[in-house]
Amino acid sequence: MMPEILYEDNHIIAVNKRPSDLSQGDRSGDPSLDDEVKKYIARKYNKPGEVFLGVVHRLDRPVSGVILYARTSKALSRLNEMFRTSEVMKVYLAIVKNRPPEDTGTISHYLKKNEKQKKTYVYDTEVKGSKKASLTYRVAGRSDRYYLLEVILHSGRHHQIRAQLAEIGCPVKGDLKYGFSRSNDDGSISLMARRLEFIHPVKKEKIIITAPFPEGDIWQVFKNVNI
C-alpha cells in the first residue's frame with residue numbers, strides 16, 4: 001500500500017515512510033518504497049515503460065517520517081549536491097528514556113561503520129576509516145517516563161543519531177542494537193524524520209515538508225509539542 005504523499009510536483013516527491021518500509025531495494029529482495037512510488041507515478045500519470053525515480057537519501061528501516069525522491073535527473077543531481085554540502089535542514093524527533101546531560105547541546109564524534117555487523121561505532125578522536133559527525137539536540141518535551149528530543153543533523157552518517165545518542169547515554173526507545181533494553185512491539189524504533197527544509201532544486205523557492213506524528217500511544221503523548 002502506498003504511504004501518505006507529503007509533497008509532489010514535476011521534479012520531486014516526498015512521502016511519509018512507515019517503520020516497516022525499505023527506503024530502496026536491496027539484496028533482501030523485500031518490497032521497497034522506491035518501487036511503490038514508481039508504481040504510483042506510473043498509475044497517476046499513465047506513464048508507459050520505466051519510471052525515473054532518484055534516491056536522494058535513505059532512512060533506516062525501523063525509522064519513519066519524511067523521505068524525499070527526485071522525479072527528474074536534473075533534480076537528482078542538484079539534490080545530491082545539496083545533501084552533500086548540508087544545504088538541506090534535516091530535523092528528527094527521538095524518544096529516549098534517559099535525560100541528556102544538558103537540555104540543549106551540539107555533539108561531535110568520529111563514526112566508523114562495521115559492514116559485517118551493520119552497526120556504527122563511536123569514537124572521540126579520529127580512527128582509521130572513521131568520519132566526523134555532528135548533531136544538535138534539545139529536549140522538546142517530557143512525559144512521566146520519556147523525553148522527546150528534537151535533533152538537527154549536520155552530517156549524514158550511517159546510524160548517526162542512533163549511535164551518537166546512545167553514546168551520551170540516551171539510546172532511542174526500542175533500539176536494541178544501540179543499547180535500549182526492550183524492543184517496540186511493532187519492530188520500529190522511536191525515531192522519526194520530522195521535517196526537511198531546502199531550496200527547491202529547480203523552482204528555487206523554499207520548501208518545508210513535515211511528517212505527522214506516528215500512530216501509537218507513546219508518540220501521541222507528545223503530539224501537541226510545537227515542533
# chains A, B, ... in the order shown; residues from 1 in each chain; ligands from 1
call {"tool": "select_by_dssp", "arguments": {"residues": "stretch 77-222 of chain A", "states": "strand (DSSP E)", "output": "mmCIF file with C-alpha atoms, in the first residue's frame"}}
result
data_model
loop_
_atom_site.group_PDB
_atom_site.id
_atom_site.type_symbol
_atom_site.label_atom_id
_atom_site.label_comp_id
_atom_site.auth_asym_id
_atom_site.auth_seq_id
_atom_site.Cartn_x
_atom_site.Cartn_y
_atom_site.Cartn_z
ATOM 1 C CA MET A 89 17.980 21.043 7.062
ATOM 2 C CA LYS A 90 17.092 17.621 8.467
ATOM 3 C CA VAL A 91 15.024 17.685 11.659
ATOM 4 C CA TYR A 92 14.331 14.459 13.539
ATOM 5 C CA LEU A 93 12.413 13.552 16.678
ATOM 6 C CA ALA A 94 13.622 10.862 19.048
ATOM 7 C CA ILE A 95 12.038 9.420 22.167
ATOM 8 C CA VAL A 96 14.539 8.400 24.850
ATOM 9 C CA THR A 104 20.462 21.501 24.603
ATOM 10 C CA GLY A 105 23.787 20.740 23.032
ATOM 11 C CA THR A 106 25.848 20.014 19.962
ATOM 12 C CA ILE A 107 27.777 16.753 19.996
ATOM 13 C CA SER A 108 30.574 15.718 17.645
ATOM 14 C CA HIS A 109 32.194 12.315 17.259
ATOM 15 C CA TYR A 110 34.001 10.166 14.744
ATOM 16 C CA LEU A 111 31.854 7.328 13.434
ATOM 17 C CA LYS A 112 33.003 4.107 11.811
ATOM 18 C CA LYS A 113 30.624 1.636 10.198
ATOM 19 C CA ASN A 114 31.161 -2.087 10.701
ATOM 20 C CA LYS A 119 26.457 -1.174 13.111
ATOM 21 C CA THR A 120 28.254 2.128 13.663
ATOM 22 C CA TYR A 121 30.875 2.630 16.377
ATOM 23 C CA VAL A 122 31.568 5.977 18.025
ATOM 24 C CA TYR A 123 34.997 7.451 18.826
ATOM 25 C CA LYS A 131 34.146 10.048 9.520
ATOM 26 C CA LYS A 132 33.351 13.129 11.560
ATOM 27 C CA ALA A 133 29.708 13.563 12.545
ATOM 28 C CA SER A 134 27.822 16.197 14.488
ATOM 29 C CA LEU A 135 24.276 16.964 15.523
ATOM 30 C CA THR A 136 22.427 19.436 17.691
ATOM 31 C CA TYR A 137 19.700 18.300 20.076
ATOM 32 C CA ARG A 138 17.292 19.874 22.510
ATOM 33 C CA VAL A 139 14.781 18.476 24.974
ATOM 34 C CA ALA A 140 11.449 19.399 23.369
ATOM 35 C CA GLY A 141 9.076 17.577 25.713
ATOM 36 C CA ARG A 142 8.786 15.045 28.503
ATOM 37 C CA TYR A 147 11.902 12.586 26.887
ATOM 38 C CA LEU A 148 11.267 13.884 23.373
ATOM 39 C CA LEU A 149 14.391 15.199 21.673
ATOM 40 C CA GLU A 150 14.492 17.406 18.602
ATOM 41 C CA VAL A 151 17.618 16.573 16.618
ATOM 42 C CA ILE A 152 19.128 18.570 13.755
ATOM 43 C CA LEU A 153 21.690 16.652 11.731
ATOM 44 C CA LEU A 191 12.879 7.909 15.820
ATOM 45 C CA MET A 192 11.240 9.858 13.012
ATOM 46 C CA ALA A 193 12.331 12.258 10.277
ATOM 47 C CA ARG A 194 10.027 15.127 11.202
ATOM 48 C CA ARG A 195 10.931 17.828 8.674
ATOM 49 C CA LEU A 196 13.057 18.705 5.644
ATOM 50 C CA GLU A 197 13.755 22.320 4.702
ATOM 51 C CA PHE A 198 15.551 23.243 1.474
ATOM 52 C CA ILE A 199 15.508 25.419 -1.615
ATOM 53 C CA LYS A 206 11.855 27.451 -0.101
ATOM 54 C CA ILE A 207 10.228 24.105 0.585
ATOM 55 C CA ILE A 208 9.300 22.808 4.049
ATOM 56 C CA ILE A 209 7.974 19.252 4.241
ATOM 57 C CA THR A 210 6.683 17.977 7.590
#
call {"tool": "residues_around", "arguments": {"residues": "A:Pro101", "least_positions_apart": "2", "cutoff": "10 Å", "atoms": "only C-alpha atoms", "output": "MDAnalysis selection string"}}
result
chainID A and resid 98:99 103:105 168:170
call {"tool": "select_by_dssp", "arguments": {"residues": "stretch 5-214 of chain A", "states": "helix (DSSP H, G or I)", "output": "PyMOL selection string"}}
result
chain A and resi 33-45+73-84+160-167+176-178
call {"tool": "write_last_selection", "arguments": {"atoms": "N, CA and C atoms", "output": "mmCIF file, in the first residue's frame"}}
result
data_model
loop_
_atom_site.group_PDB
_atom_site.id
_atom_site.type_symbol
_atom_site.label_atom_id
_atom_site.label_comp_id
_atom_site.auth_asym_id
_atom_site.auth_seq_id
_atom_site.Cartn_x
_atom_site.Cartn_y
_atom_site.Cartn_z
ATOM 1 N N LEU A 33 10.177 0.906 -0.907
ATOM 2 C CA LEU A 33 9.362 2.105 -1.027
ATOM 3 C C LEU A 33 9.570 2.795 -2.370
ATOM 4 N N ASP A 34 10.802 2.809 -2.873
ATOM 5 C CA ASP A 34 11.027 3.461 -4.160
ATOM 6 C C ASP A 34 10.251 2.774 -5.283
ATOM 7 N N ASP A 35 10.123 1.448 -5.211
ATOM 8 C CA ASP A 35 9.314 0.739 -6.218
ATOM 9 C C ASP A 35 7.838 1.105 -6.098
ATOM 10 N N GLU A 36 7.356 1.255 -4.853
ATOM 11 C CA GLU A 36 5.960 1.645 -4.656
ATOM 12 C C GLU A 36 5.687 3.032 -5.231
ATOM 13 N N VAL A 37 6.644 3.948 -5.031
ATOM 14 C CA VAL A 37 6.480 5.303 -5.549
ATOM 15 C C VAL A 37 6.497 5.295 -7.078
ATOM 16 N N LYS A 38 7.361 4.481 -7.664
ATOM 17 C CA LYS A 38 7.395 4.367 -9.132
ATOM 18 C C LYS A 38 6.047 3.872 -9.675
ATOM 19 N N LYS A 39 5.489 2.872 -9.022
ATOM 20 C CA LYS A 39 4.186 2.338 -9.459
ATOM 21 C C LYS A 39 3.100 3.397 -9.345
ATOM 22 N N TYR A 40 3.153 4.162 -8.260
ATOM 23 C CA TYR A 40 2.170 5.232 -8.066
ATOM 24 C C TYR A 40 2.269 6.259 -9.193
ATOM 25 N N ILE A 41 3.488 6.686 -9.526
ATOM 26 C CA ILE A 41 3.677 7.677 -10.590
ATOM 27 C C ILE A 41 3.201 7.122 -11.935
ATOM 28 N N ALA A 42 3.529 5.870 -12.194
ATOM 29 C CA ALA A 42 3.118 5.252 -13.459
ATOM 30 C C ALA A 42 1.597 5.224 -13.581
ATOM 31 N N ARG A 43 0.922 4.899 -12.471
ATOM 32 C CA ARG A 43 -0.548 4.855 -12.495
ATOM 33 C C ARG A 43 -1.139 6.248 -12.645
ATOM 34 N N LYS A 44 -0.672 7.172 -11.826
ATOM 35 C CA LYS A 44 -1.275 8.508 -11.795
ATOM 36 C C LYS A 44 -1.100 9.248 -13.121
ATOM 37 N N TYR A 45 0.065 9.116 -13.727
ATOM 38 C CA TYR A 45 0.361 9.892 -14.926
ATOM 39 C C TYR A 45 0.328 9.042 -16.199
ATOM 40 N N SER A 73 16.265 13.781 -13.550
ATOM 41 C CA SER A 73 17.715 13.689 -13.364
ATOM 42 C C SER A 73 18.307 15.027 -12.926
ATOM 43 N N LYS A 74 17.734 16.133 -13.411
ATOM 44 C CA LYS A 74 18.202 17.460 -13.006
ATOM 45 C C LYS A 74 17.997 17.655 -11.501
ATOM 46 N N ALA A 75 16.818 17.311 -11.013
ATOM 47 C CA ALA A 75 16.544 17.444 -9.581
ATOM 48 C C ALA A 75 17.449 16.524 -8.771
ATOM 49 N N LEU A 76 17.684 15.330 -9.272
ATOM 50 C CA LEU A 76 18.514 14.369 -8.540
ATOM 51 C C LEU A 76 19.935 14.889 -8.366
ATOM 52 N N SER A 77 20.551 15.367 -9.431
ATOM 53 C CA SER A 77 21.934 15.828 -9.325
ATOM 54 C C SER A 77 22.047 17.040 -8.403
ATOM 55 N N ARG A 78 21.081 17.943 -8.488
ATOM 56 C CA ARG A 78 21.133 19.131 -7.634
ATOM 57 C C ARG A 78 20.863 18.784 -6.171
ATOM 58 N N LEU A 79 19.912 17.896 -5.923
ATOM 59 C CA LEU A 79 19.627 17.488 -4.539
ATOM 60 C C LEU A 79 20.796 16.714 -3.941
ATOM 61 N N ASN A 80 21.424 15.858 -4.739
ATOM 62 C CA ASN A 80 22.603 15.130 -4.246
ATOM 63 C C ASN A 80 23.664 16.102 -3.756
ATOM 64 N N GLU A 81 23.884 17.158 -4.506
ATOM 65 C CA GLU A 81 24.884 18.150 -4.119
ATOM 66 C C GLU A 81 24.429 18.921 -2.879
ATOM 67 N N MET A 82 23.135 19.217 -2.782
ATOM 68 C CA MET A 82 22.612 19.947 -1.628
ATOM 69 C C MET A 82 22.733 19.123 -0.353
ATOM 70 N N PHE A 83 22.458 17.832 -0.432
ATOM 71 C CA PHE A 83 22.631 16.974 0.736
ATOM 72 C C PHE A 83 24.113 16.861 1.093
ATOM 73 N N ARG A 84 24.962 16.768 0.071
ATOM 74 C CA ARG A 84 26.402 16.609 0.313
ATOM 75 C C ARG A 84 26.983 17.830 1.013
ATOM 76 N N GLN A 160 23.675 7.562 12.401
ATOM 77 C CA GLN A 160 24.316 8.629 13.180
ATOM 78 C C GLN A 160 23.560 9.000 14.450
ATOM 79 N N ILE A 161 22.278 9.303 14.326
ATOM 80 C CA ILE A 161 21.510 9.711 15.509
ATOM 81 C C ILE A 161 21.472 8.591 16.531
ATOM 82 N N ARG A 162 21.217 7.399 16.066
ATOM 83 C CA ARG A 162 21.124 6.247 16.973
ATOM 84 C C ARG A 162 22.423 6.046 17.741
ATOM 85 N N ALA A 163 23.540 6.108 17.036
ATOM 86 C CA ALA A 163 24.837 5.861 17.661
ATOM 87 C C ALA A 163 25.259 7.005 18.572
ATOM 88 N N GLN A 164 25.067 8.240 18.123
ATOM 89 C CA GLN A 164 25.518 9.369 18.942
ATOM 90 C C GLN A 164 24.666 9.567 20.192
ATOM 91 N N LEU A 165 23.345 9.381 20.074
ATOM 92 C CA LEU A 165 22.515 9.500 21.278
ATOM 93 C C LEU A 165 22.836 8.392 22.271
ATOM 94 N N ALA A 166 23.088 7.200 21.771
ATOM 95 C CA ALA A 166 23.470 6.111 22.675
ATOM 96 C C ALA A 166 24.778 6.426 23.381
ATOM 97 N N GLU A 167 25.683 7.073 22.678
ATOM 98 C CA GLU A 167 26.995 7.401 23.252
ATOM 99 C C GLU A 167 26.866 8.365 24.430
ATOM 100 N N LEU A 176 17.349 -1.868 20.177
ATOM 101 C CA LEU A 176 18.173 -2.875 20.842
ATOM 102 C C LEU A 176 19.623 -2.833 20.365
ATOM 103 N N LYS A 177 19.821 -2.548 19.089
ATOM 104 C CA LYS A 177 21.175 -2.554 18.513
ATOM 105 C C LYS A 177 22.085 -1.553 19.213
ATOM 106 N N TYR A 178 21.510 -0.458 19.717
ATOM 107 C CA TYR A 178 22.320 0.579 20.352
ATOM 108 C C TYR A 178 22.014 0.725 21.842
#
call {"tool": "residues_around", "arguments": {"residues": "A:Asn16", "least_positions_apart": "4", "cutoff": "6 Å", "atoms": "only C-alpha atoms", "output": "number ranges by chain"}}
result
A: 4, 65-66
call {"tool": "atom_distance", "arguments": {"atom1": "atom CA of A:His57", "atom2": "atom CA of A:Val202"}}
result
18.0 Å
call {"tool": "closest_residue", "arguments": {"among": "A:Glu215, A:Asp26, A:Asp60, A:Asp21", "to": "A:Arg157", "atoms": "only C-alpha atoms"}}
result
A:Asp60
call {"tool": "atom_distance", "arguments": {"atom1": "atom CA of A:Ile5", "atom2": "atom CA of A:Leu68"}}
result
10.2 Å
